[in-house]
Amino acid sequence: MASLKLDDNNVPYLDLGDGYRIALEGDEYTDAKAKEKAARELRETPDVVEQSLQELRSLLQEEKTLYVPMDNDAFMIKFLRPCKYYAQSAFELIKRYYRFRSKHPDLCDELYPASVKHVYAEGLVHFLPLRDQHGSRILVLECGKKWKPSKVSLTDLFRAVQLALEAGMYEPRTQLNGAVVILDMEGLALSQIMQFTPKFAAMALDWIQQCTAMRLKSVHIVNNSYLFNMLFAIFKPFLSEKLRKRLFFHQKDWNSLMSHVEAKCLRPKYGGTLECLETDGMLLGEMFELYHKEYELANSFGYLKKQD
């Protein structure tokens, strides 16, 4: 049975047995391989980082109604890395990110782990314990038969996905290597498809394509049936060419999936060889709750609300 523990530095983790664990990795990477990749792919060198931080601070100082911690290098780098240290691009991303939050209070206000722990308890959103062969974080969304809209609303499901991706954005190694999403649609029914509207699809894709500080490497749709085509038709008009090229439809062809993600990183139900305890969704929610103060601080940033 999986258990929630604290390591020697009081960092919480889910112990899945046999040395496998799920934890948020807040430490900066210091190994030569990661630093070389960061320099090659993100232009991350000491001089570029210093100049970009200065430029981004100057830009943000002119955005008078936006409150963010400009003196916090880790916060700034979280937005600079996916923009390859181009300060103007990072500035535009920060503005889009916080404008989205202002525009959609039902989805973004008080986005604390306690508010979506029931979503994690249902096992709908979770990480795999290993990163893929490129160092990408693997996020699994099980939105087929496991999802009961009477228990978990579409709004809460979206909020839980946001919260999980926020956790990934906090990790320097994920900022560098990005994330891979596995979308498991096994048992998808009409009752679930009926929850989606073109308005929601446009909003969700605007968020993932324009507003998240995350290098989304690929999305792998598995166990997709003909019913999934009805759902995909709602989203298709709003897909950018960039994301379209990163979408892969595998149905139950695990060899196809494993041509993108190594078998050792995948559980047997996806054709892989990762043998460890299943992620306990309730414990995952509890682990996120131990970061309540960090989420509370993150929720304090943004555009100032207009006074009535």
# chains A, B, ... in the order shown; residues from 1 in each chain; ligands from 1

call {"tool": "residues_around", "arguments": {"residues": "Leu188 of chain A", "least_positions_apart": "6", "cutoff": "8 Å", "atoms": "only C-alpha atoms", "output": "mmCIF file with all heavy atoms, in the first residue's frame"}}
result
data_model
loop_
_atom_site.group_PDB
_atom_site.id
_atom_site.type_symbol
_atom_site.label_atom_id
_atom_site.label_comp_id
_atom_site.auth_asym_id
_atom_site.auth_seq_id
_atom_site.Cartn_x
_atom_site.Cartn_y
_atom_site.Cartn_z
ATOM 1 N N CYS A 143 -9.789 10.215 -17.957
ATOM 2 C CA CYS A 143 -11.056 10.947 -18.107
ATOM 3 C C CYS A 143 -12.142 10.100 -18.759
ATOM 4 O O CYS A 143 -13.102 10.634 -19.306
ATOM 5 C CB CYS A 143 -10.826 12.217 -18.922
ATOM 6 S SG CYS A 143 -9.664 13.344 -18.152
ATOM 7 N N GLY A 144 -11.977 8.771 -18.713
ATOM 8 C CA GLY A 144 -12.992 7.875 -19.246
ATOM 9 C C GLY A 144 -13.902 7.382 -18.137
ATOM 10 O O GLY A 144 -14.497 8.168 -17.400
ATOM 11 N N LYS A 145 -13.950 6.060 -17.961
ATOM 12 C CA LYS A 145 -14.918 5.464 -17.029
ATOM 13 C C LYS A 145 -14.687 5.877 -15.570
ATOM 14 O O LYS A 145 -15.620 5.834 -14.763
ATOM 15 C CB LYS A 145 -14.881 3.943 -17.145
ATOM 16 C CG LYS A 145 -13.562 3.300 -16.745
ATOM 17 C CD LYS A 145 -13.579 1.797 -17.008
ATOM 18 C CE LYS A 145 -12.240 1.158 -16.616
ATOM 19 N NZ LYS A 145 -12.200 -0.276 -16.969
ATOM 20 N N ASN A 224 -8.604 5.282 -26.929
ATOM 21 C CA ASN A 224 -9.615 6.131 -27.563
ATOM 22 C C ASN A 224 -10.453 5.304 -28.541
ATOM 23 O O ASN A 224 -9.924 4.558 -29.348
ATOM 24 C CB ASN A 224 -8.971 7.319 -28.281
ATOM 25 C CG ASN A 224 -7.775 6.960 -29.135
ATOM 26 O OD1 ASN A 224 -6.849 6.294 -28.662
ATOM 27 N ND2 ASN A 224 -7.776 7.394 -30.388
ATOM 28 N N SER A 225 -11.774 5.448 -28.439
ATOM 29 C CA SER A 225 -12.707 4.733 -29.303
ATOM 30 C C SER A 225 -13.355 5.720 -30.269
ATOM 31 O O SER A 225 -13.016 6.909 -30.291
ATOM 32 C CB SER A 225 -13.781 4.063 -28.453
ATOM 33 O OG SER A 225 -14.574 5.066 -27.817
ATOM 34 N N LEU A 227 -16.144 7.019 -30.008
ATOM 35 C CA LEU A 227 -16.810 8.083 -29.250
ATOM 36 C C LEU A 227 -15.864 9.253 -29.002
ATOM 37 O O LEU A 227 -16.302 10.405 -28.951
ATOM 38 C CB LEU A 227 -17.307 7.546 -27.908
ATOM 39 C CG LEU A 227 -18.713 6.975 -27.836
ATOM 40 C CD1 LEU A 227 -19.017 6.485 -26.436
ATOM 41 C CD2 LEU A 227 -19.756 7.991 -28.272
ATOM 42 N N PHE A 228 -14.575 8.943 -28.857
ATOM 43 C CA PHE A 228 -13.609 10.015 -28.618
ATOM 44 C C PHE A 228 -13.591 11.000 -29.787
ATOM 45 O O PHE A 228 -13.354 12.197 -29.591
ATOM 46 C CB PHE A 228 -12.203 9.449 -28.399
ATOM 47 C CG PHE A 228 -11.149 10.524 -28.244
ATOM 48 C CD1 PHE A 228 -11.017 11.220 -27.057
ATOM 49 C CD2 PHE A 228 -10.328 10.876 -29.312
ATOM 50 C CE1 PHE A 228 -10.080 12.223 -26.917
ATOM 51 C CE2 PHE A 228 -9.378 11.876 -29.179
ATOM 52 C CZ PHE A 228 -9.257 12.555 -27.980
#

call {"tool": "residues_around", "arguments": {"residues": "segment 86-93 of chain A", "least_positions_apart": "4", "cutoff": "9 Å", "atoms": "only C-alpha atoms", "output": "PyMOL selection string"}}
result
chain A and resi 51-57+59-60+76+79-82+97-98+210-213

call {"tool": "select_by_dssp", "arguments": {"residues": "segment 69-260 of chain A", "states": "helix (DSSP H, G or I)", "output": "PyMOL selection string"}}
result
chain A and resi 73-83+87-103+105-108+113-115+117-121+154-169+172-177+190-193+198-211+226-238+241-244+254-258

call {"tool": "closest_residue", "arguments": {"among": "A:Gln61, A:Gln195, A:Gln209, A:Ser256", "to": "Ile221 of chain A", "atoms": "only C-alpha atoms"}}
result
A:Ser256

call {"tool": "atom_distance", "arguments": {"atom1": "atom CA of Cys265 of chain A", "atom2": "atom CA of Tyr120 of chain A"}}
result
20.9 Å

call {"tool": "residues_around", "arguments": {"residues": "segment 234-236 of chain A", "least_positions_apart": "6", "cutoff": "10 Å", "atoms": "only C-alpha atoms", "output": "ChimeraX atom specification"}}
result
/A:193,196-205,244

call {"tool": "residues_around", "arguments": {"residues": "segment 158-167 of chain A", "least_positions_apart": "6", "cutoff": "7 Å", "atoms": "only C-alpha atoms", "output": "list of chain:residue names"}}
result
A:Leu107, A:Val116, A:Val119, A:Val125

call {"tool": "write_last_selection", "arguments": {"atoms": "N, CA and C atoms", "output": "short mmCIF file (atom, residue, chain, number, x, y, z; two decimals), in the first residue's frame"}}
result
data_model
loop_
_atom_site.label_atom_id
_atom_site.label_comp_id
_atom_site.auth_asym_id
_atom_site.auth_seq_id
_atom_site.Cartn_x
_atom_site.Cartn_y
_atom_site.Cartn_z
N LEU A 107 -12.46 29.34 -12.29
CA LEU A 107 -11.46 28.30 -12.54
C LEU A 107 -10.17 28.53 -11.75
N VAL A 116 -9.61 20.72 -4.41
CA VAL A 116 -9.73 19.72 -5.48
C VAL A 116 -9.25 18.34 -5.04
N VAL A 119 -10.94 15.35 -6.47
CA VAL A 119 -10.59 14.97 -7.85
C VAL A 119 -9.43 13.97 -7.82
N VAL A 125 -6.28 12.41 -11.93
CA VAL A 125 -5.10 13.19 -12.29
C VAL A 125 -3.93 12.73 -11.42
#

call {"tool": "select_by_dssp", "arguments": {"residues": "segment 11-77 of chain A", "states": "strand (DSSP E or B)", "output": "PyMOL selection string"}}
result
chain A and resi 12-15+21-23+66-67

call {"tool": "write_last_selection", "arguments": {"atoms": "N, CA, C and O atoms", "output": "PDB file, in the first residue's frame"}}
result
ATOM      1  N   PRO A  12       7.869  16.191   1.377  1.00  0.00           N
ATOM      2  CA  PRO A  12       6.925  15.067   1.324  1.00  0.00           C
ATOM      3  C   PRO A  12       7.061  14.272   0.028  1.00  0.00           C
ATOM      4  O   PRO A  12       7.392  14.816  -1.018  1.00  0.00           O
ATOM      5  N   TYR A  13       6.808  12.979   0.136  1.00  0.00           N
ATOM      6  CA  TYR A  13       6.810  12.137  -1.064  1.00  0.00           C
ATOM      7  C   TYR A  13       5.872  10.955  -0.871  1.00  0.00           C
ATOM      8  O   TYR A  13       5.601  10.529   0.255  1.00  0.00           O
ATOM      9  N   LEU A  14       5.377  10.437  -1.997  1.00  0.00           N
ATOM     10  CA  LEU A  14       4.581   9.217  -1.987  1.00  0.00           C
ATOM     11  C   LEU A  14       5.524   8.049  -2.201  1.00  0.00           C
ATOM     12  O   LEU A  14       6.208   7.993  -3.229  1.00  0.00           O
ATOM     13  N   ASP A  15       5.549   7.129  -1.271  1.00  0.00           N
ATOM     14  CA  ASP A  15       6.387   5.935  -1.377  1.00  0.00           C
ATOM     15  C   ASP A  15       5.566   4.849  -2.062  1.00  0.00           C
ATOM     16  O   ASP A  15       4.568   4.373  -1.530  1.00  0.00           O
ATOM     17  N   ARG A  21       9.120   6.614  -6.032  1.00  0.00           N
ATOM     18  CA  ARG A  21       8.438   7.643  -5.255  1.00  0.00           C
ATOM     19  C   ARG A  21       7.965   8.772  -6.165  1.00  0.00           C
ATOM     20  O   ARG A  21       8.483   8.957  -7.266  1.00  0.00           O
ATOM     21  N   ILE A  22       6.999   9.506  -5.683  1.00  0.00           N
ATOM     22  CA  ILE A  22       6.527  10.723  -6.364  1.00  0.00           C
ATOM     23  C   ILE A  22       6.730  11.877  -5.402  1.00  0.00           C
ATOM     24  O   ILE A  22       6.250  11.846  -4.264  1.00  0.00           O
ATOM     25  N   ALA A  23       7.495  12.867  -5.842  1.00  0.00           N
ATOM     26  CA  ALA A  23       7.762  14.045  -5.009  1.00  0.00           C
ATOM     27  C   ALA A  23       7.956  15.242  -5.921  1.00  0.00           C
ATOM     28  O   ALA A  23       8.318  15.099  -7.097  1.00  0.00           O
ATOM     29  N   LEU A  66      -0.104  45.024 -12.121  1.00  0.00           N
ATOM     30  CA  LEU A  66       0.242  43.606 -11.935  1.00  0.00           C
ATOM     31  C   LEU A  66       1.173  43.452 -10.742  1.00  0.00           C
ATOM     32  O   LEU A  66       2.239  44.069 -10.690  1.00  0.00           O
ATOM     33  N   TYR A  67       0.750  42.610  -9.794  1.00  0.00           N
ATOM     34  CA  TYR A  67       1.569  42.366  -8.608  1.00  0.00           C
ATOM     35  C   TYR A  67       2.200  40.970  -8.697  1.00  0.00           C
ATOM     36  O   TYR A  67       1.499  39.950  -8.654  1.00  0.00           O
TER      37      TYR A  67
END

call {"tool": "atom_distance", "arguments": {"atom1": "atom CA of Asp47 of chain A", "atom2": "atom CA of Lys78 of chain A"}}
result
17.3 Å

call {"tool": "closest_residue", "arguments": {"among": "A:Lys146, A:Lys293, A:Arg131, A:Lys5", "to": "Val180 of chain A", "atoms": "only C-alpha atoms"}}
result
A:Arg131

call {"tool": "atom_distance", "arguments": {"atom1": "atom CA of Glu278 of chain A", "atom2": "atom CA of Leu128 of chain A"}}
result
9.2 Å

call {"tool": "closest_atom_pairs", "arguments": {"of": "segment 165-277 of chain A", "to": "segment 28-35 of chain A", "cutoff": "12 Å", "atoms": "only C-alpha atoms", "output": "Markdown table"}}
result
| residue | atom | partner | partner_atom | distance |
| --- | --- | --- | --- | --- |
| A:Tyr170 | CA | A:Glu28 | CA | 10.4 |
| A:Glu171 | CA | A:Glu28 | CA | 7.9 |
| A:Pro172 | CA | A:Glu28 | CA | 5.5 |
| A:Arg173 | CA | A:Tyr29 | CA | 6.4 |
| A:Thr174 | CA | A:Tyr29 | CA | 10.1 |
| A:Gln175 | CA | A:Glu28 | CA | 10.2 |
| A:Leu176 | CA | A:Ala34 | CA | 8.0 |
| A:Asn177 | CA | A:Ala34 | CA | 9.0 |

call {"tool": "write_last_selection", "arguments": {"atoms": "C-alpha atoms", "output": "mmCIF file, in the first residue's frame"}}
result
data_model
loop_
_atom_site.group_PDB
_atom_site.id
_atom_site.type_symbol
_atom_site.label_atom_id
_atom_site.label_comp_id
_atom_site.auth_asym_id
_atom_site.auth_seq_id
_atom_site.Cartn_x
_atom_site.Cartn_y
_atom_site.Cartn_z
ATOM 1 C CA TYR A 170 7.647 24.775 -9.741
ATOM 2 C CA GLU A 171 10.263 22.128 -10.647
ATOM 3 C CA PRO A 172 13.432 23.431 -12.379
ATOM 4 C CA ARG A 173 14.010 20.058 -14.045
ATOM 5 C CA THR A 174 10.481 20.160 -15.498
ATOM 6 C CA GLN A 175 11.005 23.770 -16.602
ATOM 7 C CA LEU A 176 13.965 22.459 -18.594
ATOM 8 C CA ASN A 177 12.601 19.144 -19.867
#

call {"tool": "closest_residue", "arguments": {"among": "A:Arg43, A:Val68, A:Glu110, A:Lys242", "to": "Ile208 of chain A", "atoms": "only C-alpha atoms"}}
result
A:Lys242

call {"tool": "closest_residue", "arguments": {"among": "A:Glu63, A:Asp132, A:Asp106, A:Glu142", "to": "Thr155 of chain A", "atoms": "only C-alpha atoms"}}
result
A:Asp106

call {"tool": "closest_residue", "arguments": {"among": "A:Val49, A:Met185, A:Val261, A:Leu304", "to": "Tyr226 of chain A", "atoms": "only C-alpha atoms"}}
result
A:Met185

call {"tool": "closest_residue", "arguments": {"among": "A:Glu241, A:Leu216, A:Leu297, A:Leu154", "to": "Met194 of chain A", "atoms": "only C-alpha atoms"}}
result
A:Leu154

call {"tool": "residues_around", "arguments": {"residues": "Ser218 of chain A", "least_positions_apart": "6", "cutoff": "8 Å", "atoms": "only C-alpha atoms", "output": "list of chain:residue names"}}
result
A:Ala179, A:Val180, A:Val181, A:Leu243, A:Arg246, A:Leu247, A:Phe248

call {"tool": "write_last_selection", "arguments": {"atoms": "N, CA and C atoms", "output": "compact mmCIF listing (two decimals), in the first residue's frame"}}
result
# COMPACT_ATOMS: atom_id res chain seq x y z
N ALA A 179 6.89 18.60 -20.01
CA ALA A 179 5.95 17.58 -19.54
C ALA A 179 5.36 16.81 -20.71
N VAL A 180 5.05 15.56 -20.44
CA VAL A 180 4.34 14.68 -21.38
C VAL A 180 3.01 14.33 -20.72
N VAL A 181 1.93 14.38 -21.48
CA VAL A 181 0.60 14.05 -20.94
C VAL A 181 0.10 12.77 -21.61
N LEU A 243 0.56 22.52 -31.41
CA LEU A 243 0.04 21.47 -30.55
C LEU A 243 -0.45 20.28 -31.37
N ARG A 246 1.98 17.76 -31.89
CA ARG A 246 2.43 17.07 -30.67
C ARG A 246 1.37 16.13 -30.11
N LEU A 247 0.27 15.95 -30.84
CA LEU A 247 -0.80 15.05 -30.45
C LEU A 247 -0.60 13.70 -31.13
N PHE A 248 -0.70 12.62 -30.34
CA PHE A 248 -0.53 11.28 -30.90
C PHE A 248 -1.67 10.39 -30.41

call {"tool": "residues_around", "arguments": {"residues": "Met258 of chain A", "least_positions_apart": "3", "cutoff": "12 Å", "atoms": "only C-alpha atoms", "output": "list in words"}}
result
Asp132, Gln133, Ile182, His220, Val222, Phe248, His250, Lys252, Asp253, Trp254, Asn255, Val261, Glu262, Ala263, Lys264, Cys265, Leu266, Arg267, Pro268, Tyr270, Gly271, Gly272 and Thr273 of chain A
